[in-house]
>>> print(open('final-v4.pdb').read())   # PDB, C-alpha atoms and all ligand atoms
ATOM      1  CA  MET A  20     -67.669-118.469 -57.496
ATOM      2  CA  THR A  21     -63.931-119.119 -57.822
ATOM      3  CA  ILE A  22     -61.601-117.292 -60.196
ATOM      4  CA  LEU A  23     -58.521-119.214 -61.352
ATOM      5  CA  VAL A  24     -55.382-117.223 -62.116
ATOM      6  CA  THR A  25     -52.649-118.996 -64.051
ATOM      7  CA  GLY A  26     -49.337-117.095 -64.124
ATOM      8  CA  ALA A  27     -50.311-115.935 -60.615
ATOM      9  CA  THR A  28     -46.703-115.834 -59.409
ATOM     10  CA  GLY A  29     -45.655-113.616 -62.330
ATOM     11  CA  ASN A  30     -45.437-109.817 -62.554
ATOM     12  CA  VAL A  31     -48.968-109.424 -63.887
ATOM     13  CA  GLY A  32     -50.600-112.407 -62.184
ATOM     14  CA  ARG A  33     -49.603-111.228 -58.698
ATOM     15  CA  GLU A  34     -51.242-107.890 -59.420
ATOM     16  CA  ALA A  35     -54.382-109.489 -60.871
ATOM     17  CA  VAL A  36     -54.638-111.561 -57.677
ATOM     18  CA  LYS A  37     -54.339-108.407 -55.519
ATOM     19  CA  HIS A  38     -57.112-106.649 -57.456
ATOM     20  CA  LEU A  39     -59.385-109.710 -57.283
ATOM     21  CA  LEU A  40     -58.866-110.089 -53.520
ATOM     22  CA  ALA A  41     -59.499-106.376 -53.005
ATOM     23  CA  ALA A  42     -62.824-106.848 -54.821
ATOM     24  CA  GLY A  43     -63.741-109.695 -52.451
ATOM     25  CA  GLN A  44     -63.323-112.539 -54.951
ATOM     26  CA  GLN A  45     -62.433-116.104 -54.107
ATOM     27  CA  VAL A  46     -59.098-116.689 -55.867
ATOM     28  CA  ARG A  47     -57.319-119.891 -56.796
ATOM     29  CA  ALA A  48     -53.769-119.730 -58.176
ATOM     30  CA  LEU A  49     -52.122-122.282 -60.421
ATOM     31  CA  THR A  50     -48.369-122.730 -60.110
ATOM     32  CA  ARG A  51     -45.801-125.398 -60.870
ATOM     33  CA  THR A  52     -44.186-124.815 -57.461
ATOM     34  CA  PRO A  53     -46.676-124.040 -54.674
ATOM     35  CA  GLU A  54     -43.872-124.181 -52.090
ATOM     36  CA  THR A  55     -42.293-120.981 -53.459
ATOM     37  CA  ALA A  56     -45.476-119.211 -54.634
ATOM     38  CA  ALA A  57     -45.541-116.691 -51.728
ATOM     39  CA  LEU A  58     -49.098-115.581 -52.468
ATOM     40  CA  PRO A  59     -51.426-113.985 -49.869
ATOM     41  CA  PRO A  60     -52.924-116.493 -47.400
ATOM     42  CA  GLU A  61     -56.476-115.969 -48.726
ATOM     43  CA  VAL A  62     -55.424-117.487 -52.069
ATOM     44  CA  GLU A  63     -55.944-121.203 -52.631
ATOM     45  CA  VAL A  64     -52.710-122.352 -54.266
ATOM     46  CA  VAL A  65     -52.906-125.421 -56.523
ATOM     47  CA  ARG A  66     -50.107-127.237 -58.301
ATOM     48  CA  GLY A  67     -50.360-127.642 -62.089
ATOM     49  CA  ASP A  68     -48.376-127.251 -65.277
ATOM     50  CA  LEU A  69     -50.004-125.797 -68.390
ATOM     51  CA  LEU A  70     -47.636-127.904 -70.495
ATOM     52  CA  GLU A  71     -49.267-130.996 -68.965
ATOM     53  CA  PRO A  72     -52.958-130.095 -69.264
ATOM     54  CA  GLU A  73     -54.269-133.076 -67.278
ATOM     55  CA  THR A  74     -52.484-131.637 -64.204
ATOM     56  CA  ILE A  75     -54.698-128.543 -64.210
ATOM     57  CA  VAL A  76     -58.009-130.436 -64.062
ATOM     58  CA  PRO A  77     -58.252-130.302 -60.227
ATOM     59  CA  ALA A  78     -57.649-126.536 -60.343
ATOM     60  CA  LEU A  79     -60.619-126.039 -62.704
ATOM     61  CA  ALA A  80     -63.297-127.447 -60.364
ATOM     62  CA  GLY A  81     -65.948-124.851 -59.534
ATOM     63  CA  VAL A  82     -64.203-122.110 -61.524
ATOM     64  CA  THR A  83     -66.291-119.527 -63.399
ATOM     65  CA  ALA A  84     -63.507-117.436 -64.908
ATOM     66  CA  MET A  85     -59.845-118.031 -65.587
ATOM     67  CA  GLN A  86     -56.830-115.903 -66.474
ATOM     68  CA  LEU A  87     -54.706-117.792 -68.965
ATOM     69  CA  TYR A  88     -50.927-117.348 -69.180
ATOM     70  CA  ALA A  89     -49.905-117.958 -72.800
ATOM     71  CA  VAL A  90     -48.580-121.461 -73.414
ATOM     72  CA  PRO A  91     -49.342-122.055 -77.103
ATOM     73  CA  GLU A  92     -48.436-125.750 -77.196
ATOM     74  CA  THR A  93     -51.439-126.744 -75.099
ATOM     75  CA  ALA A  94     -53.801-123.758 -75.226
ATOM     76  CA  ALA A  95     -56.524-125.535 -77.230
ATOM     77  CA  GLU A  96     -56.509-128.509 -74.870
ATOM     78  CA  VAL A  97     -56.531-126.262 -71.806
ATOM     79  CA  ALA A  98     -59.470-124.248 -73.163
ATOM     80  CA  GLU A  99     -61.373-127.459 -73.898
ATOM     81  CA  LEU A 100     -60.726-128.784 -70.384
ATOM     82  CA  ALA A 101     -61.898-125.469 -68.965
ATOM     83  CA  LYS A 102     -65.095-125.689 -70.988
ATOM     84  CA  GLN A 103     -65.756-129.259 -69.829
ATOM     85  CA  ALA A 104     -65.239-128.141 -66.220
ATOM     86  CA  GLY A 105     -67.901-125.428 -66.582
ATOM     87  CA  VAL A 106     -65.621-122.387 -66.847
ATOM     88  CA  ARG A 107     -67.550-119.584 -68.602
ATOM     89  CA  ARG A 108     -64.881-117.043 -69.385
ATOM     90  CA  ILE A 109     -61.150-116.938 -70.188
ATOM     91  CA  VAL A 110     -59.017-113.800 -70.054
ATOM     92  CA  VAL A 111     -55.824-114.233 -72.080
ATOM     93  CA  LEU A 112     -52.612-112.505 -70.981
ATOM     94  CA  SER A 113     -51.518-111.776 -74.543
ATOM     95  CA  SER A 114     -49.267-109.174 -76.156
ATOM     96  CA  ASP A 115     -49.610-106.125 -78.360
ATOM     97  CA  ALA A 116     -47.216-107.886 -80.724
ATOM     98  CA  VAL A 117     -50.405-109.587 -81.960
ATOM     99  CA  THR A 118     -51.927-106.223 -82.914
ATOM    100  CA  ASP A 119     -48.719-105.237 -84.683
ATOM    101  CA  ASN A 120     -48.503-108.570 -86.581
ATOM    102  CA  HIS A 121     -45.154-109.234 -84.900
ATOM    103  CA  ASP A 122     -46.364-112.258 -82.964
ATOM    104  CA  ASP A 123     -45.035-115.312 -84.721
ATOM    105  CA  GLY A 124     -47.463-117.913 -83.531
ATOM    106  CA  PHE A 125     -47.194-117.425 -79.770
ATOM    107  CA  HIS A 126     -49.881-115.296 -78.106
ATOM    108  CA  LEU A 127     -52.014-115.328 -81.255
ATOM    109  CA  VAL A 128     -52.240-119.117 -81.104
ATOM    110  CA  VAL A 129     -53.558-118.866 -77.552
ATOM    111  CA  GLU A 130     -56.072-116.134 -78.413
ATOM    112  CA  LYS A 131     -57.424-118.193 -81.319
ATOM    113  CA  ALA A 132     -57.597-121.392 -79.248
ATOM    114  CA  VAL A 133     -59.681-119.602 -76.628
ATOM    115  CA  GLU A 134     -61.952-117.985 -79.229
ATOM    116  CA  ASN A 135     -62.453-121.351 -80.940
ATOM    117  CA  SER A 136     -63.486-122.974 -77.646
ATOM    118  CA  GLY A 137     -66.748-121.019 -77.754
ATOM    119  CA  LEU A 138     -66.180-119.651 -74.228
ATOM    120  CA  GLU A 139     -66.462-115.931 -73.467
ATOM    121  CA  TRP A 140     -63.060-114.341 -73.992
ATOM    122  CA  THR A 141     -61.172-111.114 -73.361
ATOM    123  CA  HIS A 142     -57.673-110.534 -74.677
ATOM    124  CA  VAL A 143     -55.344-108.301 -72.665
ATOM    125  CA  ARG A 144     -52.567-107.170 -74.980
ATOM    126  CA  PRO A 145     -50.022-105.009 -73.175
ATOM    127  CA  GLY A 146     -47.113-103.493 -75.024
ATOM    128  CA  GLU A 147     -43.794-102.855 -73.287
ATOM    129  CA  PHE A 148     -43.885-103.602 -69.523
ATOM    130  CA  ALA A 149     -42.390-100.841 -67.342
ATOM    131  CA  ILE A 150     -40.842-103.602 -65.242
ATOM    132  CA  ASN A 151     -38.513-104.414 -68.171
ATOM    133  CA  LYS A 152     -36.684-101.218 -67.148
ATOM    134  CA  ARG A 153     -35.826-102.837 -63.832
ATOM    135  CA  ASP A 154     -34.103-105.665 -65.703
ATOM    136  CA  SER A 155     -32.264-103.279 -68.073
ATOM    137  CA  TRP A 156     -31.418-100.374 -65.828
ATOM    138  CA  SER A 157     -31.309-101.364 -62.146
ATOM    139  CA  GLU A 158     -27.555-101.996 -62.162
ATOM    140  CA  PRO A 159     -26.534 -98.987 -64.331
ATOM    141  CA  ILE A 160     -28.777 -96.689 -62.286
ATOM    142  CA  ARG A 161     -27.250 -98.011 -59.066
ATOM    143  CA  GLN A 162     -23.900 -97.012 -60.579
ATOM    144  CA  GLY A 163     -25.296 -93.591 -61.574
ATOM    145  CA  HIS A 164     -24.634 -93.985 -65.314
ATOM    146  CA  VAL A 165     -26.913 -95.298 -68.086
ATOM    147  CA  ARG A 166     -25.858 -95.928 -71.705
ATOM    148  CA  LEU A 167     -28.660 -95.445 -74.257
ATOM    149  CA  ALA A 168     -28.692 -95.762 -78.042
ATOM    150  CA  PHE A 169     -32.186 -94.333 -78.454
ATOM    151  CA  PRO A 170     -32.539 -91.669 -75.712
ATOM    152  CA  ASP A 171     -35.320 -89.862 -77.572
ATOM    153  CA  ALA A 172     -37.358 -92.967 -78.360
ATOM    154  CA  LYS A 173     -40.746 -92.417 -76.775
ATOM    155  CA  GLY A 174     -42.700 -95.244 -75.280
ATOM    156  CA  MET A 175     -45.560 -95.917 -72.917
ATOM    157  CA  PRO A 176     -44.292 -98.713 -70.658
ATOM    158  CA  VAL A 177     -47.201 -99.941 -68.622
ATOM    159  CA  HIS A 178     -47.278-100.609 -64.870
ATOM    160  CA  GLU A 179     -47.856-104.303 -64.189
ATOM    161  CA  THR A 180     -50.578-103.394 -61.704
ATOM    162  CA  ASP A 181     -52.585-101.734 -64.491
ATOM    163  CA  ILE A 182     -52.350-104.865 -66.637
ATOM    164  CA  GLY A 183     -53.458-106.925 -63.642
ATOM    165  CA  ALA A 184     -56.323-104.508 -62.987
ATOM    166  CA  VAL A 185     -57.578-104.842 -66.558
ATOM    167  CA  ALA A 186     -57.389-108.636 -66.338
ATOM    168  CA  ALA A 187     -59.196-108.639 -62.983
ATOM    169  CA  ALA A 188     -61.965-106.402 -64.331
ATOM    170  CA  ALA A 189     -62.450-108.719 -67.299
ATOM    171  CA  LEU A 190     -62.511-111.782 -65.031
ATOM    172  CA  MET A 191     -65.223-110.284 -62.824
ATOM    173  CA  ASP A 192     -67.658-108.756 -65.308
ATOM    174  CA  ASP A 193     -69.114-110.061 -68.575
ATOM    175  CA  ARG A 194     -69.280-106.565 -70.083
ATOM    176  CA  HIS A 195     -65.674-107.166 -71.195
ATOM    177  CA  ALA A 196     -66.531-110.283 -73.212
ATOM    178  CA  GLY A 197     -65.267-110.184 -76.796
ATOM    179  CA  LYS A 198     -63.059-107.151 -76.141
ATOM    180  CA  VAL A 199     -59.368-106.600 -76.759
ATOM    181  CA  TYR A 200     -57.625-104.262 -74.307
ATOM    182  CA  ARG A 201     -54.202-102.799 -75.027
ATOM    183  CA  PRO A 202     -52.965-101.358 -71.718
ATOM    184  CA  THR A 203     -50.343 -98.591 -71.832
ATOM    185  CA  SER A 204     -49.060 -96.091 -69.287
ATOM    186  CA  HIS A 205     -51.041 -92.863 -68.959
ATOM    187  CA  ASP A 206     -48.303 -90.822 -70.589
ATOM    188  CA  THR A 207     -45.738 -91.135 -73.366
ATOM    189  CA  THR A 208     -42.128 -90.658 -72.221
ATOM    190  CA  SER A 209     -38.723 -90.861 -73.867
ATOM    191  CA  GLN A 210     -36.082 -93.238 -72.553
ATOM    192  CA  ARG A 211     -34.130 -90.219 -71.290
ATOM    193  CA  GLU A 212     -37.245 -89.029 -69.398
ATOM    194  CA  GLN A 213     -37.757 -92.530 -67.987
ATOM    195  CA  VAL A 214     -34.210 -92.669 -66.614
ATOM    196  CA  MET A 215     -34.673 -89.195 -65.106
ATOM    197  CA  ALA A 216     -38.008 -90.236 -63.542
ATOM    198  CA  ILE A 217     -36.245 -93.124 -61.811
ATOM    199  CA  ALA A 218     -33.394 -90.813 -60.735
ATOM    200  CA  ASP A 219     -35.998 -88.446 -59.204
ATOM    201  CA  ALA A 220     -37.751 -91.368 -57.490
ATOM    202  CA  ILE A 221     -34.539 -92.495 -55.788
ATOM    203  CA  GLY A 222     -33.245 -88.942 -55.231
ATOM    204  CA  LYS A 223     -29.871 -89.630 -56.844
ATOM    205  CA  PRO A 224     -28.182 -88.049 -59.895
ATOM    206  CA  VAL A 225     -27.875 -90.316 -62.950
ATOM    207  CA  THR A 226     -25.949 -89.394 -66.105
ATOM    208  CA  ILE A 227     -26.824 -90.619 -69.613
ATOM    209  CA  GLU A 228     -24.219 -91.541 -72.248
ATOM    210  CA  VAL A 229     -25.454 -91.838 -75.824
ATOM    211  CA  ILE A 230     -23.996 -94.911 -77.556
ATOM    212  CA  THR A 231     -24.528 -96.669 -80.903
ATOM    213  CA  PRO A 232     -27.217 -99.361 -81.366
ATOM    214  CA  ALA A 233     -24.430-101.939 -81.796
ATOM    215  CA  GLN A 234     -22.871-100.962 -78.449
ATOM    216  CA  GLU A 235     -26.296-101.115 -76.781
ATOM    217  CA  LYS A 236     -26.891-104.562 -78.242
ATOM    218  CA  GLU A 237     -23.587-105.727 -76.803
ATOM    219  CA  ASP A 238     -24.543-104.331 -73.366
ATOM    220  CA  MET A 239     -27.922-106.117 -73.496
ATOM    221  CA  LEU A 240     -26.388-109.420 -74.639
ATOM    222  CA  GLN A 241     -24.041-109.268 -71.672
ATOM    223  CA  VAL A 242     -26.919-109.045 -69.184
ATOM    224  CA  GLY A 243     -28.690-111.973 -70.822
ATOM    225  CA  TRP A 244     -31.209-110.513 -73.265
ATOM    226  CA  PRO A 245     -31.871-112.887 -76.209
ATOM    227  CA  GLU A 246     -30.580-111.483 -79.518
ATOM    228  CA  ASP A 247     -33.944-111.690 -81.318
ATOM    229  CA  VAL A 248     -35.635-109.737 -78.502
ATOM    230  CA  ILE A 249     -32.923-107.051 -78.662
ATOM    231  CA  ASP A 250     -33.387-106.708 -82.443
ATOM    232  CA  TYR A 251     -37.154-106.513 -81.983
ATOM    233  CA  LEU A 252     -36.882-103.872 -79.238
ATOM    234  CA  GLN A 253     -34.322-101.803 -81.148
ATOM    235  CA  SER A 254     -36.523-101.759 -84.247
ATOM    236  CA  TYR A 255     -39.312-100.328 -82.083
ATOM    237  CA  PHE A 256     -36.971 -97.793 -80.466
ATOM    238  CA  GLN A 257     -35.874 -96.648 -83.929
ATOM    239  CA  THR A 258     -39.488 -96.246 -85.059
ATOM    240  CA  TRP A 259     -40.479 -94.539 -81.822
ATOM    241  CA  THR A 260     -37.647 -92.010 -82.158
ATOM    242  CA  ASN A 261     -39.219 -90.769 -85.379
ATOM    243  CA  GLN A 262     -42.897 -91.517 -84.735
ATOM    244  CA  PRO A 263     -43.809 -91.417 -81.023
ATOM    245  CA  PRO A 264     -46.646 -93.778 -80.092
ATOM    246  CA  VAL A 265     -49.753 -92.389 -78.436
ATOM    247  CA  ALA A 266     -50.820 -93.584 -74.980
ATOM    248  CA  ARG A 267     -54.154 -95.387 -75.041
ATOM    249  CA  PRO A 268     -57.242 -95.087 -72.798
ATOM    250  CA  ASP A 269     -57.762 -98.855 -72.437
ATOM    251  CA  VAL A 270     -56.863 -99.105 -68.728
ATOM    252  CA  ALA A 271     -59.385 -96.396 -67.849
ATOM    253  CA  GLU A 272     -62.012 -97.913 -70.137
ATOM    254  CA  ALA A 273     -61.689-101.339 -68.535
ATOM    255  CA  THR A 274     -61.220-100.327 -64.893
ATOM    256  CA  GLY A 275     -62.652 -96.814 -64.515
ATOM    257  CA  LYS A 276     -59.261 -95.562 -63.256
ATOM    258  CA  ARG A 277     -56.549 -93.948 -65.340
ATOM    259  CA  ALA A 278     -53.328 -95.842 -65.884
ATOM    260  CA  HIS A 279     -50.222 -94.948 -63.878
ATOM    261  CA  THR A 280     -47.682 -92.585 -65.394
ATOM    262  CA  PHE A 281     -44.129 -93.832 -65.812
ATOM    263  CA  ALA A 282     -43.032 -91.529 -62.958
ATOM    264  CA  GLU A 283     -45.602 -93.189 -60.669
ATOM    265  CA  TRP A 284     -44.246 -96.616 -61.633
ATOM    266  CA  ALA A 285     -40.740 -95.360 -60.794
ATOM    267  CA  VAL A 286     -41.868 -94.274 -57.326
ATOM    268  CA  ASP A 287     -43.481 -97.683 -56.717
ATOM    269  CA  HIS A 288     -40.241 -99.401 -57.783
ATOM    270  CA  ALA A 289     -37.638 -97.031 -56.306
ATOM    271  CA  ALA A 290     -36.315 -99.824 -54.069
ATOM    272  CA  ASP A 291     -35.392-101.872 -57.151
ATOM    273  CA  PHE A 292     -32.899 -99.192 -58.219
ATOM    274  CA  GLU A 293     -31.377 -98.222 -54.854
TER
HETATM  275  N1  LIG B   1     -42.345-108.066 -70.727
HETATM  276  C1  LIG B   1     -43.008-107.434 -71.678
HETATM  277  O1  LIG B   1     -42.679-106.311 -72.073
HETATM  278  C2  LIG B   1     -44.238-108.084 -72.279
HETATM  279  C3  LIG B   1     -45.005-107.336 -73.193
HETATM  280  C4  LIG B   1     -46.165-107.912 -73.711
HETATM  281  C5  LIG B   1     -46.543-109.194 -73.353
HETATM  282  N2  LIG B   1     -45.762-109.896 -72.476
HETATM  283  C6  LIG B   1     -46.182-111.257 -72.121
HETATM  284  O2  LIG B   1     -46.569-111.308 -70.757
HETATM  285  C7  LIG B   1     -46.273-112.608 -70.270
HETATM  286  C8  LIG B   1     -45.316-112.480 -69.075
HETATM  287  O3  LIG B   1     -46.061-112.047 -67.979
HETATM  288  P1  LIG B   1     -45.374-111.858 -66.562
HETATM  289  O4  LIG B   1     -44.208-110.914 -66.712
HETATM  290  O5  LIG B   1     -46.455-111.528 -65.611
HETATM  291  O6  LIG B   1     -44.830-113.339 -66.279
HETATM  292  P2  LIG B   1     -43.523-113.767 -65.502
HETATM  293  O7  LIG B   1     -43.240-112.797 -64.393
HETATM  294  O8  LIG B   1     -42.475-114.058 -66.511
HETATM  295  O9  LIG B   1     -43.984-115.145 -64.827
HETATM  296  C9  LIG B   1     -44.354-116.258 -65.587
HETATM  297  C10 LIG B   1     -45.609-116.856 -64.966
HETATM  298  O10 LIG B   1     -46.129-117.868 -65.814
HETATM  299  C11 LIG B   1     -46.259-119.062 -65.091
HETATM  300  N3  LIG B   1     -45.964-120.186 -65.992
HETATM  301  C12 LIG B   1     -45.009-120.240 -66.948
HETATM  302  N4  LIG B   1     -45.022-121.440 -67.564
HETATM  303  C13 LIG B   1     -46.010-122.158 -66.975
HETATM  304  C14 LIG B   1     -46.505-123.463 -67.139
HETATM  305  N5  LIG B   1     -45.986-124.301 -68.067
HETATM  306  N6  LIG B   1     -47.525-123.882 -66.377
HETATM  307  C15 LIG B   1     -48.056-123.062 -65.441
HETATM  308  N7  LIG B   1     -47.628-121.794 -65.210
HETATM  309  C16 LIG B   1     -46.616-121.358 -65.976
HETATM  310  C17 LIG B   1     -45.283-118.971 -63.957
HETATM  311  O11 LIG B   1     -45.782-119.756 -62.876
HETATM  312  P3  LIG B   1     -44.912-120.702 -61.922
HETATM  313  O12 LIG B   1     -43.456-120.443 -62.232
HETATM  314  O13 LIG B   1     -45.314-120.282 -60.537
HETATM  315  O14 LIG B   1     -45.368-122.072 -62.260
HETATM  316  C18 LIG B   1     -45.342-117.474 -63.618
HETATM  317  O15 LIG B   1     -46.419-117.196 -62.775
HETATM  318  C19 LIG B   1     -45.626-113.403 -71.393
HETATM  319  O16 LIG B   1     -46.619-114.133 -72.095
HETATM  320  C20 LIG B   1     -45.065-112.286 -72.240
HETATM  321  O17 LIG B   1     -44.854-112.693 -73.568
HETATM  322  C21 LIG B   1     -44.631-109.372 -71.922
END
>>> encode(input="final-v4.pdb", output="structure tokens")
Amino acid sequence: MTILVTGATGNVGREAVKHLLAAGQQVRALTRTPETAALPPEVEVVRGDLLEPETIVPALAGVTAMQLYAVPETAAEVAELAKQAGVRRIVVLSSDAVTDNHDDGFHLVVEKAVENSGLEWTHVRPGEFAINKRDSWSEPIRQGHVRLAFPDAKGMPVHETDIGAVAAAALMDDRHAGKVYRPTSHDTTSQREQVMAIADAIGKPVTIEVITPAQEKEDMLQVGWPEDVIDYLQSYFQTWTNQPPVARPDVAEATGKRAHTFAEWAVDHAADFE
């Protein structure tokens, strides 16, 4: 029995692969560039592009379950090809934006395509990834100074390994069929607490300067964040300043192990901030 992981070279896919290998599964990884995939040697790496569905047909041979990275343009065709190849189950790497009705035809399209295929499905809908903090804060934290517009906005940024663990569990066991999991970290932490958790993990003092949302937007634009994503994130940070979200039990329900706390993620990623 082979499990196919698409998106296997990504933040979540790499972790799903690790969990599957640890459980003794035979894993095949789809990538557009096998030469740079750098996956463990036990993984069978196969070239394919989800935007060109015919290229993934060889990767589907003998596969029972597949993790699907969201590519809406071709999701229906990919699901149909999977069905024809005898795949029984598809686990969609989706987004909690679907739950919140903020997904404008991206992950939702993929979820629906998979449901309509008649195959068993599980949707994994994470919210904010903790690893986004690496992209936003690694440089400021290296310099010992972080500018925040919403220091008291609470969130529950989830460790990529917990998302991968949920996906792996759903790939391996049909008790997850028809379920939607919304992985979050174990705890709810403010942005100020998150910065301090990283400072503790690297053993270095970091100061926080409170700035306006417009100044923060400018900072984020300068490091390459798309404007619509900044607006989307800032609207959440505003809401979460007034109404903190509540961490969910989905990781524990799916895997039997509690999710990591943000501080644990910071320890795992200390090297990214040093
Ligand atoms: N960041 C967040 O806060 C957040 C929150 C909720 C949901 N999400 C969703 O999570 C997903 C991102 O996951 P991630 O961070 O693990 O991914 P990532 O690190 O951005 O990596 C992208 C992966 O997708 C693969 N891929 C992309 N286009 C492909 C194509 N046309 N054909 C085959 N493979 C393709 C890449 O494979 P190769 O390059 O090797 O081909 C790579 O493995 C997105 O759908 C995002 O919307 C993100």
>>> residues_near_ligand(input="final-v4.pdb", ligand="ligand LIG 1 (chain B)", cutoff="8 Å", atoms="only C-alpha atoms and all ligand atoms", output="NGL selection string")
:A and (25-33 or 49-53 or 55-56 or 67-71 or 88-90 or 112-116 or 126 or 144-151 or 176 or 179)
>>> write_last_selection(input="final-v4.pdb", atoms="C-alpha atoms", output="short mmCIF file (atom, residue, chain, number, x, y, z; two decimals), keeping the file's coordinate frame")
data_model
loop_
_atom_site.label_atom_id
_atom_site.label_comp_id
_atom_site.auth_asym_id
_atom_site.auth_seq_id
_atom_site.Cartn_x
_atom_site.Cartn_y
_atom_site.Cartn_z
CA THR A 25 -52.65 -119.00 -64.05
CA GLY A 26 -49.34 -117.10 -64.12
CA ALA A 27 -50.31 -115.94 -60.62
CA THR A 28 -46.70 -115.83 -59.41
CA GLY A 29 -45.66 -113.62 -62.33
CA ASN A 30 -45.44 -109.82 -62.55
CA VAL A 31 -48.97 -109.42 -63.89
CA GLY A 32 -50.60 -112.41 -62.18
CA ARG A 33 -49.60 -111.23 -58.70
CA LEU A 49 -52.12 -122.28 -60.42
CA THR A 50 -48.37 -122.73 -60.11
CA ARG A 51 -45.80 -125.40 -60.87
CA THR A 52 -44.19 -124.82 -57.46
CA PRO A 53 -46.68 -124.04 -54.67
CA THR A 55 -42.29 -120.98 -53.46
CA ALA A 56 -45.48 -119.21 -54.63
CA GLY A 67 -50.36 -127.64 -62.09
CA ASP A 68 -48.38 -127.25 -65.28
CA LEU A 69 -50.00 -125.80 -68.39
CA LEU A 70 -47.64 -127.90 -70.50
CA GLU A 71 -49.27 -131.00 -68.96
CA TYR A 88 -50.93 -117.35 -69.18
CA ALA A 89 -49.90 -117.96 -72.80
CA VAL A 90 -48.58 -121.46 -73.41
CA LEU A 112 -52.61 -112.50 -70.98
CA SER A 113 -51.52 -111.78 -74.54
CA SER A 114 -49.27 -109.17 -76.16
CA ASP A 115 -49.61 -106.12 -78.36
CA ALA A 116 -47.22 -107.89 -80.72
CA HIS A 126 -49.88 -115.30 -78.11
CA ARG A 144 -52.57 -107.17 -74.98
CA PRO A 145 -50.02 -105.01 -73.18
CA GLY A 146 -47.11 -103.49 -75.02
CA GLU A 147 -43.79 -102.86 -73.29
CA PHE A 148 -43.88 -103.60 -69.52
CA ALA A 149 -42.39 -100.84 -67.34
CA ILE A 150 -40.84 -103.60 -65.24
CA ASN A 151 -38.51 -104.41 -68.17
CA PRO A 176 -44.29 -98.71 -70.66
CA GLU A 179 -47.86 -104.30 -64.19
#
>>> resolve_selection(input="final-v4.pdb", expression="the PyMOL selection byres (((chain A and resi 154) around 10) and not hetatm)", output="short mmCIF file (atom, residue, chain, number, x, y, z; two decimals) with C-alpha atoms, keeping the file's coordinate frame")
data_model
loop_
_atom_site.label_atom_id
_atom_site.label_comp_id
_atom_site.auth_asym_id
_atom_site.auth_seq_id
_atom_site.Cartn_x
_atom_site.Cartn_y
_atom_site.Cartn_z
CA ALA A 149 -42.39 -100.84 -67.34
CA ILE A 150 -40.84 -103.60 -65.24
CA ASN A 151 -38.51 -104.41 -68.17
CA LYS A 152 -36.68 -101.22 -67.15
CA ARG A 153 -35.83 -102.84 -63.83
CA SER A 155 -32.26 -103.28 -68.07
CA TRP A 156 -31.42 -100.37 -65.83
CA SER A 157 -31.31 -101.36 -62.15
CA GLU A 158 -27.56 -102.00 -62.16
CA MET A 239 -27.92 -106.12 -73.50
CA VAL A 242 -26.92 -109.04 -69.18
CA GLY A 243 -28.69 -111.97 -70.82
CA TRP A 244 -31.21 -110.51 -73.26
CA ASP A 291 -35.39 -101.87 -57.15
CA PHE A 292 -32.90 -99.19 -58.22
#
>>> closest_residue(input="final-v4.pdb", among="A:Leu167, A:Ala187, A:Val286, A:Ile249", to="A:Gln44", atoms="all atoms listed in the file")
A:Ala187
>>> resolve_selection(input="final-v4.pdb", expression="the PyMOL selection byres (((chain A and resi 260-269) around 6) and not hetatm)", output="PyMOL selection string")
chain A and resi 171-173+200-203+206-207+257-259+270-272
>>> atom_distance(input="final-v4.pdb", atom1="atom CA of A:Glu61", atom2="atom CA of A:Met20")
14.4 Å
>>> atom_distance(input="final-v4.pdb", atom1="atom CA of A:His178", atom2="atom CA of A:Arg211")
17.9 Å
>>> residues_around(input="final-v4.pdb", residues="A:Arg194", least_positions_apart="5", cutoff="10 Å", atoms="all atoms listed in the file", output="list in words")
Thr141, Ala188, Ala189 and Ala273 of chain A
>>> resolve_selection(input="final-v4.pdb", expression="the PyMOL selection byres (((chain A and resi 21) around 10) and not hetatm)", output="VMD selection string")
chain A and resid 20 22 to 24 44 to 47 63 79 to 85 106
>>> atom_distance(input="final-v4.pdb", atom1="atom CA of A:Glu228", atom2="atom CA of A:Val214")
11.5 Å
>>> closest_residue(input="final-v4.pdb", among="A:Gly275, A:Pro224, A:Gly124, A:Pro159", to="A:Asp181", atoms="all atoms listed in the file")
A:Gly275
>>> residues_near_point(input="final-v4.pdb", point="(-61.2, -126.6, -66.9)", cutoff="6 Å", atoms="all atoms listed in the file", output="ChimeraX atom specification")
/A:76,79,100-102,104
>>> build_atoms(input="final-v4.pdb", residues="stretch 123-128 of chain A", atoms="N, CA and C atoms", output="PDB file, keeping the file's coordinate frame")
ATOM      1  N   ASP A 123     -45.168-114.186 -83.801  1.00  0.00           N
ATOM      2  CA  ASP A 123     -45.035-115.312 -84.721  1.00  0.00           C
ATOM      3  C   ASP A 123     -45.552-116.600 -84.079  1.00  0.00           C
ATOM      4  N   GLY A 124     -46.853-116.665 -83.950  1.00  0.00           N
ATOM      5  CA  GLY A 124     -47.463-117.913 -83.531  1.00  0.00           C
ATOM      6  C   GLY A 124     -47.386-118.205 -82.052  1.00  0.00           C
ATOM      7  N   PHE A 125     -47.285-117.194 -81.215  1.00  0.00           N
ATOM      8  CA  PHE A 125     -47.194-117.425 -79.770  1.00  0.00           C
ATOM      9  C   PHE A 125     -48.505-117.023 -79.096  1.00  0.00           C
ATOM     10  N   HIS A 126     -48.648-115.742 -78.776  1.00  0.00           N
ATOM     11  CA  HIS A 126     -49.881-115.296 -78.106  1.00  0.00           C
ATOM     12  C   HIS A 126     -51.099-115.440 -79.014  1.00  0.00           C
ATOM     13  N   LEU A 127     -50.884-115.238 -80.319  1.00  0.00           N
ATOM     14  CA  LEU A 127     -52.014-115.328 -81.255  1.00  0.00           C
ATOM     15  C   LEU A 127     -52.627-116.729 -81.241  1.00  0.00           C
ATOM     16  N   VAL A 128     -51.765-117.726 -81.143  1.00  0.00           N
ATOM     17  CA  VAL A 128     -52.240-119.117 -81.104  1.00  0.00           C
ATOM     18  C   VAL A 128     -53.166-119.308 -79.896  1.00  0.00           C
TER      19      VAL A 128
END
